[in-house]
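A.B. asks: What follows is data08.csv, CSV, N, CA and C atoms.
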```csv
chain,number,residue,atom,x,y,z
E,25,MET,N,0.8,-1.2,0.0
E,25,MET,CA,0.0,0.0,0.0
E,25,MET,C,0.9,1.2,0.0
E,26,ASN,N,0.5,2.2,-0.8
E,26,ASN,CA,1.3,3.5,-0.8
E,26,ASN,C,0.9,4.3,0.4
E,27,ARG,N,1.8,5.2,0.8
E,27,ARG,CA,1.6,6.1,1.9
E,27,ARG,C,0.3,6.9,1.6
E,28,PRO,N,-0.7,6.9,2.5
E,28,PRO,CA,-1.9,7.6,2.2
E,28,PRO,C,-1.7,9.2,2.3
E,29,THR,N,-2.5,9.9,1.5
E,29,THR,CA,-2.5,11.3,1.5
E,29,THR,C,-3.9,11.8,1.9
E,30,GLU,N,-4.0,13.0,2.3
E,30,GLU,CA,-5.3,13.6,2.5
E,30,GLU,C,-6.2,13.5,1.3
E,31,GLN,N,-5.6,13.7,0.1
E,31,GLN,CA,-6.4,13.7,-1.1
E,31,GLN,C,-6.8,12.3,-1.4
E,32,SER,N,-6.0,11.3,-1.2
E,32,SER,CA,-6.4,9.9,-1.5
E,32,SER,C,-7.5,9.4,-0.6
E,33,VAL,N,-7.4,9.8,0.7
E,33,VAL,CA,-8.4,9.4,1.6
E,33,VAL,C,-9.8,10.0,1.3
E,34,VAL,N,-9.8,11.3,1.0
E,34,VAL,CA,-11.0,12.0,0.6
E,34,VAL,C,-11.6,11.3,-0.7
E,35,ALA,N,-10.7,11.1,-1.7
E,35,ALA,CA,-11.2,10.4,-2.9
E,35,ALA,C,-11.9,9.1,-2.6
E,36,ALA,N,-11.3,8.3,-1.7
E,36,ALA,CA,-11.8,7.0,-1.4
E,36,ALA,C,-13.2,7.1,-0.7
E,37,LEU,N,-13.2,8.1,0.3
E,37,LEU,CA,-14.5,8.3,1.0
E,37,LEU,C,-15.6,8.8,0.1
E,38,LEU,N,-15.2,9.6,-0.9
E,38,LEU,CA,-16.3,10.1,-1.9
E,38,LEU,C,-16.8,9.0,-2.8
E,39,GLU,N,-16.2,7.8,-2.8
E,39,GLU,CA,-16.8,6.7,-3.5
E,39,GLU,C,-18.1,6.2,-2.9
E,40,VAL,N,-18.3,6.6,-1.6
E,40,VAL,CA,-19.6,6.4,-0.9
E,40,VAL,C,-20.4,7.7,-1.0
E,41,PRO,N,-21.7,7.6,-1.1
E,41,PRO,CA,-22.5,8.8,-1.2
E,41,PRO,C,-22.5,9.7,0.1
E,42,LEU,N,-21.4,10.4,0.3
E,42,LEU,CA,-21.3,11.3,1.4
E,42,LEU,C,-21.2,12.7,0.9
E,43,GLU,N,-21.7,13.6,1.8
E,43,GLU,CA,-21.6,15.1,1.5
E,43,GLU,C,-20.2,15.5,1.6
E,44,PRO,N,-19.5,16.0,0.5
E,44,PRO,CA,-18.1,16.4,0.6
E,44,PRO,C,-17.8,17.3,1.8
E,45,SER,N,-18.7,18.2,2.1
E,45,SER,CA,-18.4,19.2,3.1
E,45,SER,C,-18.4,18.6,4.5
E,46,SER,N,-18.9,17.3,4.6
E,46,SER,CA,-19.0,16.6,5.9
E,46,SER,C,-17.7,15.9,6.3
E,47,ILE,N,-16.7,15.9,5.3
E,47,ILE,CA,-15.5,15.1,5.5
E,47,ILE,C,-14.4,16.0,6.0
E,48,GLN,N,-13.7,15.7,7.0
E,48,GLN,CA,-12.5,16.4,7.5
E,48,GLN,C,-11.4,15.4,7.6
E,49,VAL,N,-10.2,15.8,7.1
E,49,VAL,CA,-9.0,14.9,7.1
E,49,VAL,C,-7.8,15.8,7.5
E,50,ARG,N,-6.8,15.0,8.1
E,50,ARG,CA,-5.6,15.7,8.5
E,50,ARG,C,-4.5,14.7,8.5
E,51,GLN,N,-3.3,15.1,8.0
E,51,GLN,CA,-2.1,14.2,8.0
E,51,GLN,C,-1.6,14.1,9.5
E,52,ASP,N,-1.2,12.9,9.9
E,52,ASP,CA,-0.7,12.7,11.2
E,52,ASP,C,0.3,11.6,11.3
E,53,HIS,N,1.5,11.9,11.5
E,53,HIS,CA,2.6,10.9,11.8
E,53,HIS,C,2.5,9.7,10.8
E,54,GLY,N,2.6,9.9,9.5
E,54,GLY,CA,2.6,8.8,8.6
E,54,GLY,C,1.3,8.2,8.2
E,55,GLY,N,0.2,8.8,8.7
E,55,GLY,CA,-1.1,8.4,8.3
E,55,GLY,C,-2.1,9.6,8.1
E,56,VAL,N,-3.3,9.3,7.8
E,56,VAL,CA,-4.3,10.3,7.7
E,56,VAL,C,-5.5,10.0,8.6
E,57,LEU,N,-5.8,11.0,9.5
E,57,LEU,CA,-7.0,10.9,10.3
E,57,LEU,C,-8.2,11.5,9.6
E,58,PHE,N,-9.4,10.9,9.8
E,58,PHE,CA,-10.5,11.4,9.1
E,58,PHE,C,-11.7,11.4,10.0
E,59,GLY,N,-12.6,12.3,9.8
E,59,GLY,CA,-13.9,12.4,10.5
E,59,GLY,C,-15.0,12.8,9.5
E,60,ILE,N,-16.1,12.2,9.7
E,60,ILE,CA,-17.3,12.4,8.8
E,60,ILE,C,-18.5,12.6,9.6
E,61,PHE,N,-19.3,13.6,9.4
E,61,PHE,CA,-20.6,13.8,10.1
E,61,PHE,C,-21.6,13.3,9.1
E,62,VAL,N,-22.5,12.4,9.5
E,62,VAL,CA,-23.5,11.9,8.7
E,62,VAL,C,-24.9,12.2,9.3
E,63,THR,N,-25.9,12.4,8.5
E,63,THR,CA,-27.2,12.8,8.9
E,63,THR,C,-28.2,11.7,8.5
E,64,SER,N,-29.2,11.6,9.2
E,64,SER,CA,-30.3,10.7,8.9
E,64,SER,C,-31.6,11.3,9.3
E,65,PRO,N,-32.6,11.4,8.4
E,65,PRO,CA,-33.8,12.0,8.8
E,65,PRO,C,-34.6,11.1,9.7
E,66,ASP,N,-34.3,9.8,9.8
E,66,ASP,CA,-35.0,8.9,10.6
E,66,ASP,C,-34.5,8.8,12.0
E,67,ALA,N,-33.3,9.4,12.3
E,67,ALA,CA,-32.7,9.3,13.6
E,67,ALA,C,-33.1,10.5,14.5
E,68,MET,N,-33.1,10.2,15.8
E,68,MET,CA,-33.4,11.3,16.7
E,68,MET,C,-32.5,11.2,17.9
E,69,PRO,N,-31.6,12.1,18.2
E,69,PRO,CA,-31.3,13.2,17.3
E,69,PRO,C,-30.7,12.8,16.0
E,70,SER,N,-30.8,13.6,15.0
E,70,SER,CA,-30.5,13.2,13.6
E,70,SER,C,-29.0,13.3,13.4
E,71,GLY,N,-28.4,12.1,13.1
E,71,GLY,CA,-27.0,12.1,12.7
E,71,GLY,C,-26.1,11.2,13.5
E,72,GLY,N,-24.9,11.2,13.1
E,72,GLY,CA,-23.8,10.4,13.8
E,72,GLY,C,-22.5,10.7,13.2
E,73,CYS,N,-21.5,9.9,13.5
E,73,CYS,CA,-20.2,10.2,13.0
E,73,CYS,C,-19.4,9.0,12.6
E,74,ILE,N,-18.5,9.1,11.7
E,74,ILE,CA,-17.6,8.0,11.4
E,74,ILE,C,-16.2,8.7,11.5
E,75,CYS,N,-15.3,8.1,12.2
E,75,CYS,CA,-13.9,8.6,12.3
E,75,CYS,C,-12.9,7.5,12.3
E,76,GLY,N,-11.7,7.8,12.0
E,76,GLY,CA,-10.7,6.7,11.9
E,76,GLY,C,-9.4,7.2,11.4
E,77,ALA,N,-8.6,6.3,11.0
E,77,ALA,CA,-7.3,6.6,10.5
E,77,ALA,C,-6.9,5.6,9.4
E,78,VAL,N,-6.1,6.1,8.4
E,78,VAL,CA,-5.5,5.3,7.4
E,78,VAL,C,-4.0,5.4,7.4
E,79,SER,N,-3.3,4.3,7.5
E,79,SER,CA,-1.9,4.3,7.4
E,79,SER,C,-1.4,3.4,6.3
E,80,GLU,N,-0.1,3.2,6.1
E,80,GLU,CA,0.4,2.3,5.1
E,80,GLU,C,0.0,0.8,5.4
E,81,THR,N,-0.3,0.5,6.6
E,81,THR,CA,-0.5,-0.9,6.9
E,81,THR,C,-1.9,-1.2,7.5
E,82,ALA,N,-2.7,-0.2,7.8
E,82,ALA,CA,-4.0,-0.5,8.5
E,82,ALA,C,-5.0,0.7,8.3
E,83,VAL,N,-6.2,0.3,8.4
E,83,VAL,CA,-7.3,1.2,8.4
E,83,VAL,C,-8.1,1.0,9.7
E,84,SER,N,-8.5,2.0,10.4
E,84,SER,CA,-9.3,1.9,11.6
E,84,SER,C,-10.5,2.8,11.4
E,85,VAL,N,-11.7,2.3,11.9
E,85,VAL,CA,-12.9,3.0,11.8
E,85,VAL,C,-13.7,2.9,13.1
E,86,ASP,N,-14.2,4.0,13.6
E,86,ASP,CA,-15.0,4.1,14.8
E,86,ASP,C,-16.4,4.8,14.4
E,87,LEU,N,-17.5,4.2,14.9
E,87,LEU,CA,-18.8,4.8,14.6
E,87,LEU,C,-19.3,5.3,15.9
E,88,GLY,N,-20.0,6.5,15.8
E,88,GLY,CA,-20.6,7.1,17.0
E,88,GLY,C,-21.9,7.8,16.6
E,89,GLY,N,-22.7,8.0,17.7
E,89,GLY,CA,-23.9,8.7,17.5
E,89,GLY,C,-23.9,10.1,18.2
E,90,ILE,N,-24.9,10.9,17.9
E,90,ILE,CA,-25.0,12.2,18.5
E,90,ILE,C,-25.4,12.0,20.0
E,91,ILE,N,-24.7,12.7,20.9
E,91,ILE,CA,-25.2,12.8,22.3
E,91,ILE,C,-26.0,14.0,22.5
E,92,MET,N,-26.8,14.0,23.5
E,92,MET,CA,-27.8,15.1,23.6
E,92,MET,C,-27.3,16.5,23.7
E,93,ASP,N,-26.0,16.7,24.0
E,93,ASP,CA,-25.5,18.1,24.1
E,93,ASP,C,-25.1,18.6,22.7
E,94,GLY,N,-25.3,17.8,21.7
E,94,GLY,CA,-25.0,18.2,20.3
E,94,GLY,C,-23.7,17.7,19.8
E,95,GLY,N,-22.9,17.2,20.7
E,95,GLY,CA,-21.6,16.6,20.3
E,95,GLY,C,-21.8,15.2,19.9
E,96,TRP,N,-20.7,14.5,19.6
E,96,TRP,CA,-20.8,13.1,19.2
E,96,TRP,C,-19.8,12.2,19.9
E,97,ARG,N,-19.1,12.7,20.8
E,97,ARG,CA,-18.2,11.8,21.6
E,97,ARG,C,-18.4,12.2,23.1
E,98,VAL,N,-18.5,11.2,23.9
E,98,VAL,CA,-18.6,11.4,25.3
E,98,VAL,C,-17.3,11.8,25.9
E,99,ALA,N,-17.2,12.8,26.7
E,99,ALA,CA,-16.0,13.3,27.3
E,99,ALA,C,-15.3,12.2,28.1
E,100,GLU,N,-14.0,12.3,28.1
E,100,GLU,CA,-13.2,11.3,28.9
E,100,GLU,C,-13.7,11.3,30.4
E,101,GLY,N,-13.8,10.2,31.0
E,101,GLY,CA,-14.2,10.1,32.4
E,101,GLY,C,-15.7,10.0,32.6
E,102,ASN,N,-16.5,10.1,31.5
E,102,ASN,CA,-18.0,10.0,31.7
E,102,ASN,C,-18.4,8.6,31.4
```
Any chance you could put this one into structure tokens?

C.D. replies:
Amino acid sequence: MNRPTEQSVVAALLEVPLEPSSIQVRQDHGGVLFGIFVTSPDAMPSGGCICGAVSETAVSVDLGGIIMDGGWRVAEGN
């Protein structure tokens, strides 16, 4: 696998029907971190998130939902 770039990760994510403005990426120590906010009209509260990292040797993905304060990750220690 080639070293991932921000552009290659965004291009791969856009193969899925995602809103381009919902994708955030950033280079980090040999890999690319990504975060995507997704919405669903059927969910209450509406939406969730997909985040993860792509490196030369691995891909990690974490799924989360909206918490009631409007964020999507529970603070450390809660």

A.B. asks: Taking 5 positions as the minimum chain separation for residues in the same chain, which residues sit within 7 Å of Ile60 (chain E) when counting all atoms listed in the file? Answer as number ranges by chain.

C.D. replies: E: 46-48, 72-76

A.B. asks: Calculated over only N, CA and C atoms, which of the candidates E:Pro44, E:Pro28, E:Gly54, E:Gly88 has the smallest distance to Gly71 (chain E)?

C.D. replies: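 So, comparing all the options, the nearest one is E:Gly88.
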
A.B. asks: Do you know which residues are at most 8 Å from Val33 (chain E) counting only N, CA and C atoms, after dropping those on the same chain fewer than 5 positions away, and could you put them as a count of residues only?

C.D. replies: 7

A.B. asks: One decimal, Å: what's the distance from atom N of Ser32 (chain E) over to atom N of Arg50 (chain E), could you say?

C.D. replies: 10.0 Å
